[in-house]
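Coordinates as given in final_4.tsv (TSV, N, CA and C atoms):
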```
chain	number	residue	atom	x	y	z
A	28	MET	N	152.95	172.29	92.46
A	28	MET	CA	153.80	171.12	92.32
A	28	MET	C	153.98	170.78	90.84
A	29	ARG	N	152.90	170.84	90.09
A	29	ARG	CA	152.98	170.49	88.67
A	29	ARG	C	153.94	171.43	87.94
A	30	GLU	N	153.86	172.73	88.25
A	30	GLU	CA	154.73	173.69	87.59
A	30	GLU	C	156.20	173.39	87.90
A	31	TYR	N	156.49	173.08	89.18
A	31	TYR	CA	157.86	172.75	89.57
A	31	TYR	C	158.36	171.53	88.80
A	32	LEU	N	157.55	170.47	88.78
A	32	LEU	CA	157.96	169.25	88.08
A	32	LEU	C	158.15	169.50	86.59
A	33	THR	N	157.29	170.30	86.00
A	33	THR	CA	157.41	170.61	84.57
A	33	THR	C	158.70	171.35	84.29
A	34	ARG	N	159.01	172.36	85.10
A	34	ARG	CA	160.25	173.13	84.90
A	34	ARG	C	161.50	172.28	85.09
A	35	GLN	N	161.41	171.27	85.94
A	35	GLN	CA	162.56	170.39	86.18
A	35	GLN	C	162.64	169.25	85.16
A	36	GLY	N	161.64	169.18	84.28
A	36	GLY	CA	161.61	168.11	83.29
A	36	GLY	C	161.23	166.77	83.90
A	37	LEU	N	160.51	166.81	85.01
A	37	LEU	CA	160.14	165.58	85.71
A	37	LEU	C	158.65	165.24	85.58
A	38	PHE	N	157.86	166.17	85.08
A	38	PHE	CA	156.42	165.90	84.98
A	38	PHE	C	156.17	164.95	83.83
A	39	ARG	N	155.38	163.91	84.08
A	39	ARG	CA	155.10	162.89	83.07
A	39	ARG	C	153.61	162.79	82.81
A	40	LYS	N	153.27	162.63	81.54
A	40	LYS	CA	151.91	162.31	81.14
A	40	LYS	C	151.96	160.85	80.68
A	41	TYR	N	151.02	160.09	81.13
A	41	TYR	CA	151.01	158.66	80.77
A	41	TYR	C	149.94	158.38	79.73
A	42	ASP	N	149.81	159.30	78.77
A	42	ASP	CA	148.79	159.13	77.73
A	42	ASP	C	149.40	158.77	76.38
A	43	GLY	N	150.70	158.47	76.34
A	43	GLY	CA	151.37	158.10	75.10
A	43	GLY	C	151.91	159.28	74.32
A	44	SER	N	151.72	160.50	74.80
A	44	SER	CA	152.18	161.68	74.08
A	44	SER	C	153.65	161.99	74.33
A	45	GLN	N	154.28	161.30	75.27
A	45	GLN	CA	155.69	161.54	75.59
A	45	GLN	C	156.49	160.26	75.41
A	46	VAL	N	157.76	160.45	75.06
A	46	VAL	CA	158.66	159.30	74.95
A	46	VAL	C	158.98	158.81	76.36
A	47	ASP	N	158.99	157.50	76.54
A	47	ASP	CA	159.33	156.94	77.85
A	47	ASP	C	160.77	157.30	78.21
A	48	PRO	N	161.03	157.62	79.48
A	48	PRO	CA	162.40	157.95	79.89
A	48	PRO	C	163.31	156.72	79.81
A	49	ASP	N	164.58	156.98	79.57
A	49	ASP	CA	165.57	155.91	79.48
A	49	ASP	C	166.32	155.84	80.81
A	50	PHE	N	166.14	154.76	81.53
A	50	PHE	CA	166.78	154.58	82.84
A	50	PHE	C	167.96	153.61	82.75
A	51	SER	N	168.57	153.50	81.60
A	51	SER	CA	169.65	152.53	81.44
A	51	SER	C	171.02	153.16	81.68
A	52	GLY	N	171.08	154.24	82.44
A	52	GLY	CA	172.34	154.93	82.72
A	52	GLY	C	173.25	154.12	83.61
A	53	ALA	N	174.18	154.78	84.24
A	53	ALA	CA	175.18	154.13	85.08
A	53	ALA	C	174.53	153.43	86.26
A	54	LEU	N	175.08	152.32	86.62
A	54	LEU	CA	174.63	151.55	87.77
A	54	LEU	C	175.44	151.99	88.99
A	55	MET	N	174.75	152.29	90.05
A	55	MET	CA	175.43	152.72	91.28
A	55	MET	C	175.27	151.63	92.33
A	56	ASN	N	176.34	151.37	93.05
A	56	ASN	CA	176.31	150.40	94.14
A	56	ASN	C	176.50	151.14	95.46
A	57	LEU	N	175.80	150.68	96.48
A	57	LEU	CA	175.93	151.28	97.80
A	57	LEU	C	176.15	150.16	98.81
A	58	ASP	N	177.26	150.23	99.49
A	58	ASP	CA	177.57	149.26	100.53
A	58	ASP	C	176.91	149.74	101.82
A	59	LEU	N	175.82	149.12	102.22
A	59	LEU	CA	175.07	149.57	103.39
A	59	LEU	C	175.88	149.48	104.68
A	60	SER	N	176.92	148.67	104.70
A	60	SER	CA	177.75	148.59	105.92
A	60	SER	C	178.59	149.86	106.09
A	61	SER	N	178.70	150.66	105.03
A	61	SER	CA	179.48	151.90	105.13
A	61	SER	C	178.61	153.10	105.52
A	62	VAL	N	177.31	152.90	105.63
A	62	VAL	CA	176.40	153.99	105.97
A	62	VAL	C	176.38	154.17	107.48
A	63	GLU	N	176.61	155.39	107.93
A	63	GLU	CA	176.63	155.67	109.36
A	63	GLU	C	175.52	156.66	109.71
A	64	PRO	N	174.66	156.33	110.67
A	64	PRO	CA	173.61	157.28	111.04
A	64	PRO	C	174.21	158.52	111.69
A	65	CYS	N	173.60	159.67	111.39
A	65	CYS	CA	174.07	160.95	111.91
A	65	CYS	C	172.89	161.76	112.41
A	66	LEU	N	173.20	162.79	113.15
A	66	LEU	CA	172.19	163.71	113.65
A	66	LEU	C	172.60	165.11	113.28
A	67	SER	N	171.63	165.89	112.79
A	67	SER	CA	171.90	167.29	112.49
A	67	SER	C	170.61	168.07	112.70
A	68	GLY	N	170.76	169.35	112.86
A	68	GLY	CA	169.60	170.19	113.09
A	68	GLY	C	169.07	170.79	111.81
A	69	PRO	N	167.86	171.30	111.86
A	69	PRO	CA	167.27	171.89	110.66
A	69	PRO	C	167.94	173.19	110.23
A	70	LYS	N	168.54	173.92	111.18
A	70	LYS	CA	169.18	175.19	110.82
A	70	LYS	C	170.54	174.98	110.15
A	71	ARG	N	171.27	173.98	110.60
A	71	ARG	CA	172.62	173.77	110.09
A	71	ARG	C	172.83	172.29	109.77
A	72	PRO	N	172.19	171.80	108.70
A	72	PRO	CA	172.29	170.36	108.40
A	72	PRO	C	173.71	169.92	108.05
A	73	HIS	N	174.56	170.86	107.65
A	73	HIS	CA	175.94	170.52	107.31
A	73	HIS	C	176.79	170.29	108.57
A	74	ASP	N	176.28	170.63	109.75
A	74	ASP	CA	176.99	170.40	111.01
A	74	ASP	C	176.53	169.10	111.65
A	75	ARG	N	176.49	168.06	110.85
A	75	ARG	CA	175.99	166.79	111.37
A	75	ARG	C	177.03	166.12	112.25
A	76	VAL	N	176.52	165.30	113.18
A	76	VAL	CA	177.39	164.59	114.11
A	76	VAL	C	177.06	163.10	114.00
A	77	PRO	N	178.04	162.26	113.73
A	77	PRO	CA	177.79	160.81	113.70
A	77	PRO	C	177.23	160.34	115.05
A	78	MET	N	176.28	159.43	115.02
A	78	MET	CA	175.66	158.95	116.25
A	78	MET	C	176.69	158.36	117.21
A	79	SER	N	177.75	157.77	116.67
A	79	SER	CA	178.78	157.18	117.53
A	79	SER	C	179.54	158.26	118.32
A	80	ASP	N	179.48	159.52	117.87
A	80	ASP	CA	180.17	160.61	118.56
A	80	ASP	C	179.23	161.50	119.37
A	81	MET	N	177.93	161.20	119.40
A	81	MET	CA	176.96	162.09	120.04
A	81	MET	C	177.25	162.32	121.52
A	82	LYS	N	177.54	161.28	122.28
A	82	LYS	CA	177.77	161.44	123.71
A	82	LYS	C	178.97	162.35	123.97
A	83	LYS	N	180.05	162.13	123.24
A	83	LYS	CA	181.26	162.94	123.39
A	83	LYS	C	180.99	164.39	122.95
A	84	ASP	N	180.27	164.57	121.86
A	84	ASP	CA	179.97	165.90	121.35
A	84	ASP	C	179.08	166.67	122.32
A	85	TRP	N	178.05	166.00	122.86
A	85	TRP	CA	177.15	166.65	123.81
A	85	TRP	C	177.90	167.07	125.07
A	86	ALA	N	178.75	166.19	125.57
A	86	ALA	CA	179.52	166.51	126.78
A	86	ALA	C	180.42	167.73	126.54
A	87	ALA	N	181.02	167.81	125.36
A	87	ALA	CA	181.88	168.96	125.04
A	87	ALA	C	181.05	170.23	124.92
A	88	CYS	N	179.84	170.13	124.34
A	88	CYS	CA	178.98	171.31	124.18
A	88	CYS	C	178.58	171.91	125.52
A	89	LEU	N	178.40	171.08	126.52
A	89	LEU	CA	177.97	171.57	127.83
A	89	LEU	C	178.98	172.54	128.42
A	90	THR	N	180.26	172.27	128.25
A	90	THR	CA	181.29	173.10	128.87
A	90	THR	C	181.96	174.09	127.91
A	91	ASN	N	181.65	174.00	126.61
A	91	ASN	CA	182.21	174.99	125.66
A	91	ASN	C	181.66	176.37	125.99
A	92	LYS	N	182.40	177.42	125.60
A	92	LYS	CA	181.94	178.78	125.88
A	92	LYS	C	180.60	179.02	125.19
A	93	VAL	N	179.80	179.89	125.75
A	93	VAL	CA	178.45	180.15	125.24
A	93	VAL	C	178.53	180.60	123.80
A	94	GLY	N	177.72	180.01	122.97
A	94	GLY	CA	177.70	180.31	121.54
A	94	GLY	C	177.30	179.06	120.79
A	95	PHE	N	177.73	178.99	119.53
A	95	PHE	CA	177.41	177.82	118.73
A	95	PHE	C	178.00	176.57	119.39
A	96	LYS	N	177.15	175.62	119.68
A	96	LYS	CA	177.54	174.36	120.33
A	96	LYS	C	178.24	174.59	121.65
A	97	GLY	N	177.79	175.57	122.40
A	97	GLY	CA	178.38	175.82	123.70
A	97	GLY	C	177.37	176.39	124.68
A	98	PHE	N	177.33	175.80	125.90
A	98	PHE	CA	176.39	176.25	126.92
A	98	PHE	C	177.08	176.92	128.10
A	99	GLY	N	178.40	176.87	128.15
A	99	GLY	CA	179.15	177.57	129.18
A	99	GLY	C	178.98	177.08	130.60
A	100	LEU	N	178.64	175.81	130.78
A	100	LEU	CA	178.51	175.27	132.14
A	100	LEU	C	179.88	174.96	132.73
A	101	LYS	N	179.98	175.10	134.02
A	101	LYS	CA	181.21	174.72	134.71
A	101	LYS	C	181.21	173.19	134.86
A	102	PRO	N	182.39	172.57	134.83
A	102	PRO	CA	182.46	171.11	134.92
A	102	PRO	C	181.72	170.54	136.14
A	103	GLU	N	181.77	171.24	137.26
A	103	GLU	CA	181.06	170.71	138.45
A	103	GLU	C	179.54	170.76	138.26
A	104	ALA	N	179.05	171.69	137.46
A	104	ALA	CA	177.60	171.75	137.20
A	104	ALA	C	177.15	170.59	136.32
A	105	VAL	N	178.03	170.13	135.47
A	105	VAL	CA	177.70	169.01	134.58
A	105	VAL	C	177.54	167.72	135.39
A	106	GLU	N	178.27	167.60	136.48
A	106	GLU	CA	178.24	166.38	137.29
A	106	GLU	C	177.04	166.31	138.23
A	107	LYS	N	176.28	167.39	138.37
A	107	LYS	CA	175.14	167.40	139.30
A	107	LYS	C	174.09	166.39	138.87
A	108	VAL	N	173.44	165.82	139.86
A	108	VAL	CA	172.36	164.86	139.64
A	108	VAL	C	171.13	165.35	140.38
A	109	SER	N	169.98	165.26	139.72
A	109	SER	CA	168.72	165.65	140.35
A	109	SER	C	167.71	164.54	140.18
A	110	ASN	N	166.91	164.31	141.20
A	110	ASN	CA	165.84	163.33	141.14
A	110	ASN	C	164.54	164.03	140.77
A	111	PHE	N	163.65	163.30	140.14
A	111	PHE	CA	162.33	163.84	139.84
A	111	PHE	C	161.31	162.72	139.90
A	112	ASP	N	160.07	163.09	140.15
A	112	ASP	CA	158.96	162.13	140.22
A	112	ASP	C	158.16	162.19	138.94
A	113	PHE	N	157.82	161.01	138.43
A	113	PHE	CA	157.00	160.93	137.23
A	113	PHE	C	156.09	159.73	137.36
A	114	GLU	N	154.80	159.99	137.31
A	114	GLU	CA	153.78	158.94	137.41
A	114	GLU	C	154.02	158.07	138.64
A	115	GLY	N	154.31	158.71	139.75
A	115	GLY	CA	154.46	158.01	141.02
A	115	GLY	C	155.79	157.33	141.23
A	116	LYS	N	156.70	157.45	140.30
A	116	LYS	CA	158.02	156.84	140.45
A	116	LYS	C	159.07	157.92	140.54
A	117	ASN	N	160.10	157.66	141.35
A	117	ASN	CA	161.19	158.58	141.52
A	117	ASN	C	162.34	158.17	140.61
A	118	TYR	N	162.84	159.10	139.85
A	118	TYR	CA	163.95	158.82	138.92
A	118	TYR	C	165.14	159.70	139.27
```

Here is the file; what I need is its structure written in the form of C-alpha coordinates.
Amino acid sequence: MREYLTRQGLFRKYDGSQVDPDFSGALMNLDLSSVEPCLSGPKRPHDRVPMSDMKKDWAACLTNKVGFKGFGLKPEAVEKVSNFDFEGKNY
(Lines of atoms letter the chains of each structure in order from A and count residues from 1; the text may use other names and numbers.)
(Lines give C-alpha, C1' and ligand atoms only; values in the text may rest on other atoms or scores of the structure.)
Protein backbone atom coordinates (compact mmCIF):
# COMPACT_ATOMS: atom_id res chain seq x y z
CA MET A 1 0.00 0.00 0.00
CA ARG A 2 2.79 2.41 0.89
CA GLU A 3 4.51 1.86 -2.46
CA TYR A 4 1.25 2.51 -4.34
CA LEU A 5 0.58 5.72 -2.40
CA THR A 6 4.16 6.90 -2.90
CA ARG A 7 4.01 6.33 -6.67
CA GLN A 8 0.71 8.22 -6.84
CA GLY A 9 2.14 11.12 -4.84
CA LEU A 10 -0.36 10.50 -2.06
CA PHE A 11 1.88 9.17 0.70
CA ARG A 12 2.35 11.73 3.48
CA LYS A 13 4.83 11.97 6.31
CA TYR A 14 3.64 14.10 9.18
CA ASP A 15 7.10 14.83 10.58
CA GLY A 16 7.52 18.29 9.01
CA SER A 17 9.77 17.05 6.19
CA GLN A 18 7.12 17.68 3.51
CA VAL A 19 5.25 20.77 2.43
CA ASP A 20 1.58 20.66 3.41
CA PRO A 21 -0.72 20.03 0.42
CA ASP A 22 -2.73 22.94 -0.93
CA PHE A 23 -6.45 22.12 -0.98
CA SER A 24 -7.60 25.55 -2.13
CA GLY A 25 -8.46 24.38 -5.66
CA ALA A 26 -11.82 24.58 -7.38
CA LEU A 27 -14.94 24.21 -5.30
CA MET A 28 -17.35 21.55 -6.49
CA ASN A 29 -21.05 21.52 -5.72
CA LEU A 30 -23.23 18.44 -5.78
CA ASP A 31 -27.01 18.64 -5.80
CA LEU A 32 -28.00 15.51 -3.86
CA SER A 33 -31.50 15.64 -5.34
CA SER A 34 -29.95 14.82 -8.72
CA VAL A 35 -28.27 11.64 -7.45
CA GLU A 36 -30.10 8.49 -8.50
CA PRO A 37 -29.33 5.08 -6.96
CA CYS A 38 -28.33 2.42 -9.48
CA LEU A 39 -27.49 -1.25 -9.53
CA SER A 40 -24.67 -2.87 -11.47
CA GLY A 41 -22.73 -6.07 -11.33
CA PRO A 42 -19.07 -6.57 -10.55
CA LYS A 43 -18.31 -7.91 -14.05
CA ARG A 44 -19.88 -5.07 -16.00
CA PRO A 45 -20.18 -1.97 -13.77
CA HIS A 46 -20.77 0.21 -16.84
CA ASP A 47 -24.07 -1.66 -17.47
CA ARG A 48 -25.75 -0.07 -14.51
CA VAL A 49 -29.52 0.14 -14.22
CA PRO A 50 -31.28 2.95 -12.31
CA MET A 51 -33.28 1.54 -9.40
CA SER A 52 -36.43 3.17 -10.80
CA ASP A 53 -36.05 0.95 -13.92
CA MET A 54 -35.11 -2.32 -12.16
CA LYS A 55 -38.57 -3.94 -12.28
CA LYS A 56 -38.99 -3.17 -15.99
CA ASP A 57 -35.42 -4.27 -16.79
CA TRP A 58 -35.75 -7.55 -14.87
CA ALA A 59 -39.05 -8.36 -16.58
CA ALA A 60 -37.46 -7.75 -19.99
CA CYS A 61 -34.44 -9.92 -19.09
CA LEU A 62 -36.66 -12.89 -18.29
CA THR A 63 -38.05 -13.09 -21.82
CA ASN A 64 -35.03 -11.80 -23.81
CA LYS A 65 -33.18 -14.43 -25.83
CA VAL A 66 -30.57 -16.38 -23.87
CA GLY A 67 -27.37 -14.40 -23.51
CA PHE A 68 -26.37 -11.14 -21.91
CA LYS A 69 -29.38 -9.96 -19.89
CA GLY A 70 -31.56 -12.70 -21.31
CA PHE A 71 -32.97 -15.92 -19.83
CA GLY A 72 -35.15 -17.02 -22.75
CA LEU A 73 -38.29 -17.77 -20.75
CA LYS A 74 -41.64 -17.93 -22.49
CA PRO A 75 -44.13 -15.26 -21.35
CA GLU A 76 -46.44 -17.90 -19.85
CA ALA A 77 -43.54 -19.23 -17.73
CA VAL A 78 -42.98 -15.78 -16.28
CA GLU A 79 -46.58 -15.65 -15.05
CA LYS A 80 -46.33 -18.93 -13.09
CA VAL A 81 -46.73 -18.75 -9.33
CA SER A 82 -45.37 -21.29 -6.84
CA ASN A 83 -45.97 -21.58 -3.12
CA PHE A 84 -43.29 -22.58 -0.66
CA ASP A 85 -43.06 -23.21 3.08
CA PHE A 86 -40.59 -21.35 5.26
CA GLU A 87 -40.40 -21.61 9.03
CA GLY A 88 -43.89 -23.08 9.18
CA LYS A 89 -45.51 -20.44 6.99
CA ASN A 90 -46.75 -20.86 3.45
CA TYR A 91 -45.78 -18.13 0.99

Straight-line distance linking atom CA of Pro69 of chain A with atom C of Lys96 of chain A, stated in Å to one decimal: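 Going from atom CA of Pro69 of chain A over to atom C of Lys96 of chain A covers 15.8 Å.
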
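Among the candidate residues A:Gly36, A:Met55, A:Gly97, A:Val46, the one lying nearest to Asp84 of chain A is A:Gly97, with distances computed using only C-alpha atoms.
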
Please report the interatomic distance between atom N of Leu57 of chain A and atom N of Leu37 of chain A in Å with one decimal.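 Those two atoms sit 25.0 Å apart.
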
Please return, as a PyMOL selection string, all residues of chain A that DSSP assigns to alpha helix (DSSP H) on the basis of the backbone. chain A and resi 29-34+81-90+102-105

Excluding same-chain residues fewer than 3 positions from segment 77-79 of chain A, what lies within 6 Å of it counting all atoms listed in the file, as JSON, numbers by chain? {"A": [64, 65, 66, 82]}

Excluding Ala104 of chain A and any residue of its chain fewer than 5 positions from it, enumerate the residues within 12 Å of it, using only C-alpha atoms, and give them as a list in words. Ala86, Leu89, Thr90, Phe98, Gly99 and Ser109 of chain A

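Here atom CA of Arg75 of chain A is placed at a distance of 27.8 Å from atom CA of Glu103 of chain A.
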
Return as number ranges by chain the full set of residues in chain A whose backbone-based DSSP assignment is strand (DSSP E). A: 65-66, 76-77, 112-113, 116-117

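Between Glu63 of chain A and the residues A:Val76, A:Glu106, A:Gln45, A:Asp112, the shortest atom-to-atom distance, using all atoms listed in the file, involves A:Val76.
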